[in-house]
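> The structure file query-v1.cif (mmCIF, C-alpha atoms) is provided below.
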```cif
data_my_file
loop_
_atom_site.label_atom_id
_atom_site.label_comp_id
_atom_site.auth_asym_id
_atom_site.auth_seq_id
_atom_site.Cartn_x
_atom_site.Cartn_y
_atom_site.Cartn_z
CA MET A 1 92.53 144.21 189.54
CA SER A 2 94.24 145.57 192.65
CA ASP A 3 97.36 143.89 193.97
CA PRO A 4 96.60 141.57 196.90
CA VAL A 5 97.15 142.82 200.42
CA LEU A 6 97.90 139.31 201.67
CA ALA A 7 98.88 136.28 199.62
CA THR A 8 100.13 132.74 200.08
CA HIS A 9 102.02 130.84 197.42
CA GLY A 10 102.27 127.06 197.52
CA LEU A 11 102.11 126.63 201.27
CA MET A 12 102.90 123.11 202.42
CA LYS A 13 102.89 121.54 205.88
CA SER A 14 103.09 117.88 206.88
CA PHE A 15 103.04 116.18 210.24
CA GLY A 16 104.66 112.84 209.50
CA ALA A 17 102.49 111.11 206.91
CA LEU A 18 99.65 113.60 207.40
CA VAL A 19 99.63 116.42 204.83
CA ALA A 20 97.84 119.31 206.56
CA THR A 21 98.22 121.92 203.82
CA ASP A 22 99.03 120.96 200.27
CA ASP A 23 100.15 123.67 197.82
CA VAL A 24 97.76 126.31 199.18
CA SER A 25 97.75 129.57 197.22
CA ILE A 26 95.14 132.18 198.15
CA ASP A 27 94.99 135.96 198.25
CA LEU A 28 93.13 138.76 199.99
CA ARG A 29 92.28 141.88 198.02
CA PRO A 30 91.65 145.43 199.24
CA GLY A 31 88.22 145.97 200.80
CA GLU A 32 87.08 142.34 200.65
CA ILE A 33 86.21 139.55 203.01
CA HIS A 34 87.63 136.25 201.80
CA ALA A 35 86.26 133.27 203.74
CA ILE A 36 88.01 129.93 204.16
CA ILE A 37 85.63 127.05 204.81
CA GLY A 38 85.95 123.31 204.99
CA PRO A 39 85.15 120.26 207.11
CA ASN A 40 86.87 119.54 210.42
CA GLY A 41 90.42 118.38 209.79
CA ALA A 42 90.64 120.13 206.43
CA GLY A 43 93.75 122.08 207.45
CA LYS A 44 92.20 125.49 208.19
CA SER A 45 93.87 126.00 211.57
CA THR A 46 97.22 124.90 210.17
CA LEU A 47 96.86 127.36 207.30
CA ILE A 48 96.03 130.24 209.64
CA SER A 49 99.04 129.39 211.81
CA GLN A 50 101.28 129.36 208.75
CA ILE A 51 99.96 132.74 207.62
CA SER A 52 100.27 134.28 211.08
CA GLY A 53 103.75 132.94 211.74
CA GLY A 54 102.93 130.52 214.54
CA LEU A 55 103.87 127.52 212.44
CA ALA A 56 106.77 127.26 210.01
CA SER A 57 105.88 125.98 206.55
CA ASP A 58 107.69 123.12 204.84
CA ALA A 59 107.47 125.02 201.56
CA GLY A 60 105.88 128.10 200.05
CA ARG A 61 105.78 131.72 201.09
CA VAL A 62 103.53 134.38 202.63
CA GLU A 63 103.45 137.97 201.39
CA ILE A 64 101.98 141.13 202.93
CA MET A 65 101.68 144.02 200.47
CA GLY A 66 104.10 142.17 198.19
CA GLN A 67 106.71 141.78 200.94
CA ASP A 68 107.90 138.25 201.64
CA VAL A 69 107.30 137.71 205.37
CA THR A 70 107.77 133.93 205.42
CA ALA A 71 110.84 134.11 207.64
CA LEU A 72 109.32 136.63 210.07
CA SER A 73 107.99 135.84 213.55
CA THR A 74 104.38 136.31 214.57
CA ALA A 75 105.23 139.65 216.21
CA ALA A 76 107.15 140.84 213.16
CA ARG A 77 104.25 139.93 210.87
CA ALA A 78 101.94 141.90 213.15
CA ARG A 79 104.25 144.91 212.84
CA ALA A 80 104.22 144.39 209.06
CA GLY A 81 100.44 144.82 209.13
CA LEU A 82 98.82 141.48 209.94
CA GLY A 83 96.03 141.79 212.53
CA ARG A 84 94.98 138.50 214.14
CA THR A 85 92.03 137.40 216.25
CA PHE A 86 91.73 133.95 217.74
CA GLN A 87 89.13 131.20 218.04
CA ILE A 88 89.75 131.19 221.81
CA SER A 89 90.09 134.68 223.26
CA ALA A 90 93.65 135.77 224.00
CA LEU A 91 92.56 138.69 226.20
CA ALA A 92 93.57 139.16 229.83
CA MET A 93 90.15 138.50 231.33
CA GLU A 94 90.75 140.09 234.74
CA ASP A 95 92.00 143.32 233.19
CA THR A 96 89.75 146.06 231.88
CA VAL A 97 88.93 146.66 228.25
CA PHE A 98 91.14 149.74 228.29
CA GLU A 99 94.08 147.92 229.89
CA ASN A 100 93.96 145.19 227.26
CA VAL A 101 93.99 147.67 224.40
CA LEU A 102 96.67 149.81 226.06
CA LEU A 103 98.95 146.77 226.19
CA GLY A 104 98.37 146.38 222.47
CA VAL A 105 99.37 150.00 221.90
CA ILE A 106 102.54 149.53 223.95
CA GLY A 107 103.45 146.45 221.96
CA ALA A 108 102.83 148.34 218.72
CA THR A 109 105.04 151.26 219.69
CA ALA A 110 107.98 150.92 221.99
CA GLY A 111 107.67 147.69 223.93
CA ALA A 112 107.14 147.07 227.62
CA TRP A 113 109.54 149.85 228.69
CA ALA A 114 106.93 152.37 227.54
CA MET A 115 105.07 151.74 230.82
CA PHE A 116 107.88 153.63 232.52
CA SER A 117 108.06 156.52 230.06
CA PRO A 118 107.05 160.09 230.99
CA VAL A 119 103.42 160.93 231.70
CA ALA A 120 103.04 162.83 228.42
CA ARG A 121 104.15 159.76 226.52
CA ASN A 122 101.71 157.55 228.39
CA ARG A 123 98.93 160.04 227.67
CA ALA A 124 99.65 159.65 223.96
CA LEU A 125 99.45 155.87 224.33
CA ALA A 126 96.16 156.18 226.22
CA GLU A 127 94.69 158.40 223.53
CA ARG A 128 95.65 155.87 220.89
CA ALA A 129 94.00 153.08 222.88
CA MET A 130 90.82 155.11 223.29
CA ALA A 131 90.75 155.90 219.58
CA ALA A 132 90.81 152.16 218.81
CA LEU A 133 88.02 151.51 221.32
CA ASP A 134 85.96 154.29 219.79
CA GLN A 135 86.40 152.68 216.35
CA VAL A 136 84.86 149.42 217.57
CA GLY A 137 82.14 151.13 219.61
CA LEU A 138 83.40 150.16 223.07
CA ALA A 139 84.66 153.47 224.44
CA ASN A 140 81.90 153.48 227.05
CA ALA A 141 82.99 150.02 228.26
CA LYS A 142 86.63 150.95 228.80
CA ASP A 143 86.53 150.29 232.58
CA THR A 144 84.71 146.96 232.27
CA ARG A 145 86.63 143.77 232.99
CA CYS A 146 86.92 141.61 229.89
CA ALA A 147 85.54 138.72 231.95
CA ASP A 148 82.26 140.65 232.23
CA LEU A 149 81.85 141.23 228.50
CA SER A 150 79.73 139.21 226.13
CA HIS A 151 81.55 136.91 223.72
CA GLY A 152 80.86 139.28 220.84
CA GLN A 153 82.21 142.26 222.78
CA ARG A 154 85.41 140.35 223.50
CA ARG A 155 85.81 139.89 219.75
CA GLN A 156 85.45 143.64 219.36
CA VAL A 157 88.16 144.21 221.98
CA GLU A 158 90.46 141.84 220.09
CA VAL A 159 89.82 143.87 216.95
CA ALA A 160 90.59 147.08 218.88
CA VAL A 161 93.90 145.58 219.98
CA ALA A 162 94.66 144.68 216.35
CA LEU A 163 93.67 148.18 215.21
CA THR A 164 96.42 149.71 217.36
CA LEU A 165 98.86 148.22 214.84
CA ALA A 166 97.11 149.95 211.93
CA PRO A 167 96.72 146.56 210.21
CA LYS A 168 96.77 146.16 206.47
CA ALA A 169 94.80 142.91 206.77
CA PHE A 170 92.90 140.96 209.41
CA VAL A 171 93.08 137.20 209.85
CA MET A 172 90.16 135.91 211.94
CA ASP A 173 89.79 132.36 213.22
CA GLU A 174 86.12 131.47 213.85
CA PRO A 175 84.99 134.76 215.41
CA MET A 176 81.40 133.48 215.61
CA ALA A 177 82.36 130.47 217.77
CA GLY A 178 80.26 130.38 220.93
CA LEU A 179 77.79 133.03 219.79
CA GLY A 180 74.04 132.57 219.67
CA ALA A 181 71.92 133.74 216.76
CA GLU A 182 71.60 137.34 217.98
CA GLY A 183 75.28 137.62 218.85
CA SER A 184 76.27 136.21 215.49
CA LYS A 185 74.00 138.67 213.71
CA ALA A 186 75.49 141.61 215.63
CA LEU A 187 79.08 140.51 214.99
CA THR A 188 78.31 139.95 211.31
CA GLY A 189 77.21 143.57 211.04
CA PHE A 190 80.33 144.73 212.85
CA LEU A 191 82.67 142.73 210.57
CA ASP A 192 80.85 143.96 207.48
CA GLY A 193 81.73 147.52 208.46
CA LEU A 194 85.29 146.59 209.45
CA ARG A 195 86.29 145.68 205.91
CA SER A 196 86.57 149.41 205.15
CA GLU A 197 89.35 149.53 207.75
CA ALA A 198 91.24 146.53 206.31
CA PRO A 199 90.29 143.42 204.32
CA ILE A 200 89.53 140.24 206.29
CA LEU A 201 90.63 136.64 205.76
CA LEU A 202 87.93 134.79 207.66
CA VAL A 203 87.89 131.16 208.80
CA GLU A 204 84.35 130.39 209.91
CA HIS A 205 81.91 127.49 210.37
CA ASP A 206 78.80 129.68 210.61
CA MET A 207 77.64 129.43 207.02
CA ASP A 208 74.94 132.08 207.44
CA ALA A 209 77.66 134.54 208.44
CA VAL A 210 79.97 133.39 205.65
CA PHE A 211 77.29 133.78 202.98
CA ALA A 212 76.29 137.19 204.37
CA LEU A 213 79.84 138.55 204.52
CA ALA A 214 82.10 136.93 201.95
CA ASP A 215 83.03 138.44 198.62
CA ARG A 216 84.92 135.24 197.82
CA ILE A 217 85.06 131.83 199.46
CA SER A 218 87.82 129.23 199.25
CA VAL A 219 86.94 125.65 200.18
CA LEU A 220 89.70 123.64 201.83
CA VAL A 221 89.44 119.84 201.83
CA ASN A 222 92.23 117.49 202.89
CA GLY A 223 94.69 120.38 202.88
CA GLN A 224 93.89 121.49 199.33
CA VAL A 225 91.81 124.37 197.97
CA ILE A 226 89.26 122.61 195.78
CA VAL A 227 87.50 125.75 194.59
CA THR A 228 87.49 129.54 195.07
CA GLY A 229 84.49 131.58 194.01
CA THR A 230 81.68 133.94 194.86
CA VAL A 231 78.88 133.00 197.23
CA ALA A 232 76.67 132.09 194.26
CA GLU A 233 79.39 129.92 192.73
CA ILE A 234 80.05 128.11 196.00
CA ARG A 235 76.34 127.55 196.66
CA SER A 236 75.91 125.97 193.23
CA SER A 237 79.05 123.81 193.31
CA ASP A 238 78.40 120.07 193.40
CA ALA A 239 81.93 119.47 194.66
CA VAL A 240 81.42 121.84 197.59
CA ARG A 241 78.08 120.34 198.56
CA GLU A 242 79.60 116.87 198.49
CA ALA A 243 82.68 117.86 200.46
CA TYR A 244 81.24 120.26 203.01
CA LEU A 245 77.76 121.73 202.81
CA GLY A 246 75.94 118.46 202.34
CA ALA A 247 72.74 120.11 201.11
CA ALA A 248 71.21 121.56 198.00
CA PRO A 249 71.67 125.33 197.55
#
```
Using structure tokens, write down the structure that the file contains.

Amino acid sequence: MSDPVLATHGLMKSFGALVATDDVSIDLRPGEIHAIIGPNGAGKSTLISQISGGLASDAGRVEIMGQDVTALSTAARARAGLGRTFQISALAMEDTVFENVLLGVIGATAGAWAMFSPVARNRALAERAMAALDQVGLANAKDTRCADLSHGQRRQVEVAVALTLAPKAFVMDEPMAGLGAEGSKALTGFLDGLRSEAPILLVEHDMDAVFALADRISVLVNGQVIVTGTVAEIRSSDAVREAYLGAAP
């Protein structure tokens, strides 16, 4: 078995008497999509924030490629190879697709001062941004304002921004949120192909997408992982049906 690209070990987080994550240990292996599902209030958003560095854990650790990144900031974890997309788009909506991705390239390379670097340097940054847009199939939309894109296309722009960091793993928080059936189907196909670029830890409520994409699924209930298994194992689990799915397989 390959060493995990991303792993958590015993993550804990409490807010007063509320235990949001309770000894959560999961991993993400090369080439896979590992989905995290669970009812509202299960602790999924807290877990993603702990993994991404937005929320400090009370205990436990996070590793990327075996490196302990628990003490690192969100930006430092991104530089270490963690690509993140959000439930609510973090794009600059009035800027173009290209401008959003270019800002990602600048952040991945030399910081804001790169805007004032020589023309040749900026050309290199622009080429890198266009390469990321080409990877997600949006090169022809480079001059389009993000506000004018479909929801699914905005997700693709977010992935392009993450790709500028050459991520070792993606963490995605409900990418299907707000999509209709056709949009969800299109994004599912896109994410299925993206796993060859880097494995994906996916938090998602769209069970059709989860069952179509996931190699493994972990079910989070009351801050604890109650089971991890394949799609078939999760579908047939009485505990999962009782806690989350609420229907026969």
> Would you mind listing what lies within 9 Å of Pro199 (chain A) as a tab-separated table (two decimals) with C-alpha atoms, in the coordinates of the input, with all atoms listed in the file counted and same-chain residues fewer than 4 positions away left out?

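So the final result, stored in around15.tsv, reads:
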```
chain	number	residue	atom	x	y	z
A	5	VAL	CA	97.15	142.82	200.42
A	28	LEU	CA	93.13	138.76	199.99
A	29	ARG	CA	92.28	141.88	198.02
A	30	PRO	CA	91.65	145.43	199.24
A	31	GLY	CA	88.22	145.97	200.80
A	32	GLU	CA	87.08	142.34	200.65
A	33	ILE	CA	86.21	139.55	203.01
A	34	HIS	CA	87.63	136.25	201.80
A	168	LYS	CA	96.77	146.16	206.47
A	169	ALA	CA	94.80	142.91	206.77
A	170	PHE	CA	92.90	140.96	209.41
A	171	VAL	CA	93.08	137.20	209.85
A	194	LEU	CA	85.29	146.59	209.45
A	195	ARG	CA	86.29	145.68	205.91
```
> Between A:Ala75, A:Leu11, A:Ile26, A:Leu6, which is the closest to Ile200 (chain A) once you count only C-alpha atoms?
A:Leu6
> To one decimal place in Å, what is the distance between CA of Thr74 (chain A) and CA of Ala56 (chain A)?
10.4 Å
> Pick from A:Met12, A:Pro39, A:Ala243, A:Val210: nearest to Val231 (chain A), with all atoms listed in the file counted?
A:Val210
> For each of A:Met93, A:Ile37, A:Ala17, A:Ala209, take the minimum atom-to-atom distance to Val227 (chain A), counting all atoms listed in the file, then give the residue where this is smallest.
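With all atoms listed in the file as the atom set, the closest residue is A:Ile37.
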> I'd like the residues picked by the PyMOL selection byres ((chain A and resi 130) around 10) written out as a PDB file with C-alpha atoms, keeping the file's coordinate frame, using the chain letters and numbers from the file.

```pdb
ATOM      1  CA  VAL A  97      88.930 146.660 228.250  1.00  0.00           C
ATOM      2  CA  PHE A  98      91.140 149.740 228.290  1.00  0.00           C
ATOM      3  CA  VAL A 101      93.990 147.670 224.400  1.00  0.00           C
ATOM      4  CA  LEU A 102      96.670 149.810 226.060  1.00  0.00           C
ATOM      5  CA  ALA A 124      99.650 159.650 223.960  1.00  0.00           C
ATOM      6  CA  LEU A 125      99.450 155.870 224.330  1.00  0.00           C
ATOM      7  CA  ALA A 126      96.160 156.180 226.220  1.00  0.00           C
ATOM      8  CA  GLU A 127      94.690 158.400 223.530  1.00  0.00           C
ATOM      9  CA  ARG A 128      95.650 155.870 220.890  1.00  0.00           C
ATOM     10  CA  ALA A 129      94.000 153.080 222.880  1.00  0.00           C
ATOM     11  CA  ALA A 131      90.750 155.900 219.580  1.00  0.00           C
ATOM     12  CA  ALA A 132      90.810 152.160 218.810  1.00  0.00           C
ATOM     13  CA  LEU A 133      88.020 151.510 221.320  1.00  0.00           C
ATOM     14  CA  ASP A 134      85.960 154.290 219.790  1.00  0.00           C
ATOM     15  CA  GLN A 135      86.400 152.680 216.350  1.00  0.00           C
ATOM     16  CA  LEU A 138      83.400 150.160 223.070  1.00  0.00           C
ATOM     17  CA  ALA A 139      84.660 153.470 224.440  1.00  0.00           C
ATOM     18  CA  ASN A 140      81.900 153.480 227.050  1.00  0.00           C
ATOM     19  CA  LYS A 142      86.630 150.950 228.800  1.00  0.00           C
ATOM     20  CA  ALA A 160      90.590 147.080 218.880  1.00  0.00           C
ATOM     21  CA  THR A 164      96.420 149.710 217.360  1.00  0.00           C
TER      22      THR A 164
END
```
> For CA of Leu47 (chain A) and CA of Ala162 (chain A), determine how far apart the two atoms are, in Å to one decimal place.
19.7 Å
> Which is closer to Ala78 (chain A) than all the others in A:Ala214, A:Asp143, A:Ile64, A:Ile48, using all atoms listed in the file?
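Counting all atoms listed in the file, the residue closest to Ala78 (chain A) is A:Ile64.
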> With all atoms listed in the file as the basis for distance, which of A:Ala166, A:Ala147, A:Val136, A:Ala181 is at the shortest distance from Gly193 (chain A)?
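For Gly193 (chain A), the nearest of the given residues is A:Val136.
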> One decimal, Å: what's the distance from CA of Ile234 (chain A) over to CA of Val159 (chain A), could you say?
28.0 Å
> Looking at A:Ala141, A:Leu82, A:Leu213, A:Ala7, which one is nearest to Lys185 (chain A), with distances taken over all atoms listed in the file?
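Checking each of A:Ala141, A:Leu82, A:Leu213, A:Ala7 against Lys185 (chain A), counting all atoms listed in the file, the winner is A:Leu213.
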> Find the residues around Ser25 (chain A) up to 7 Å (all atoms listed in the file counted), leave out those fewer than 4 positions away in its own chain, and share them as number ranges by chain.
A: 8-11
> Tell me which residues the PyMOL selection byres ((chain A and resi 94) around 9) grabs here, as a PyMOL selection string.
chain A and resi 91-93+95-96+145-148
> Residues near Gly223 (chain A), anyone? I mean within 12 Å using only C-alpha atoms, not counting same-chain ones fewer than 4 positions away, as an MDAnalysis selection string.
chainID A and resid 10:15 18:25 36:47 218:219
> Please identify all polymer residues within 10 Å of Leu72 (chain A), counting all atoms listed in the file, omitting same-chain residues fewer than 5 positions from it, and present them as a VMD selection string.
chain A and resid 52 to 54 56 62 77 to 78 80
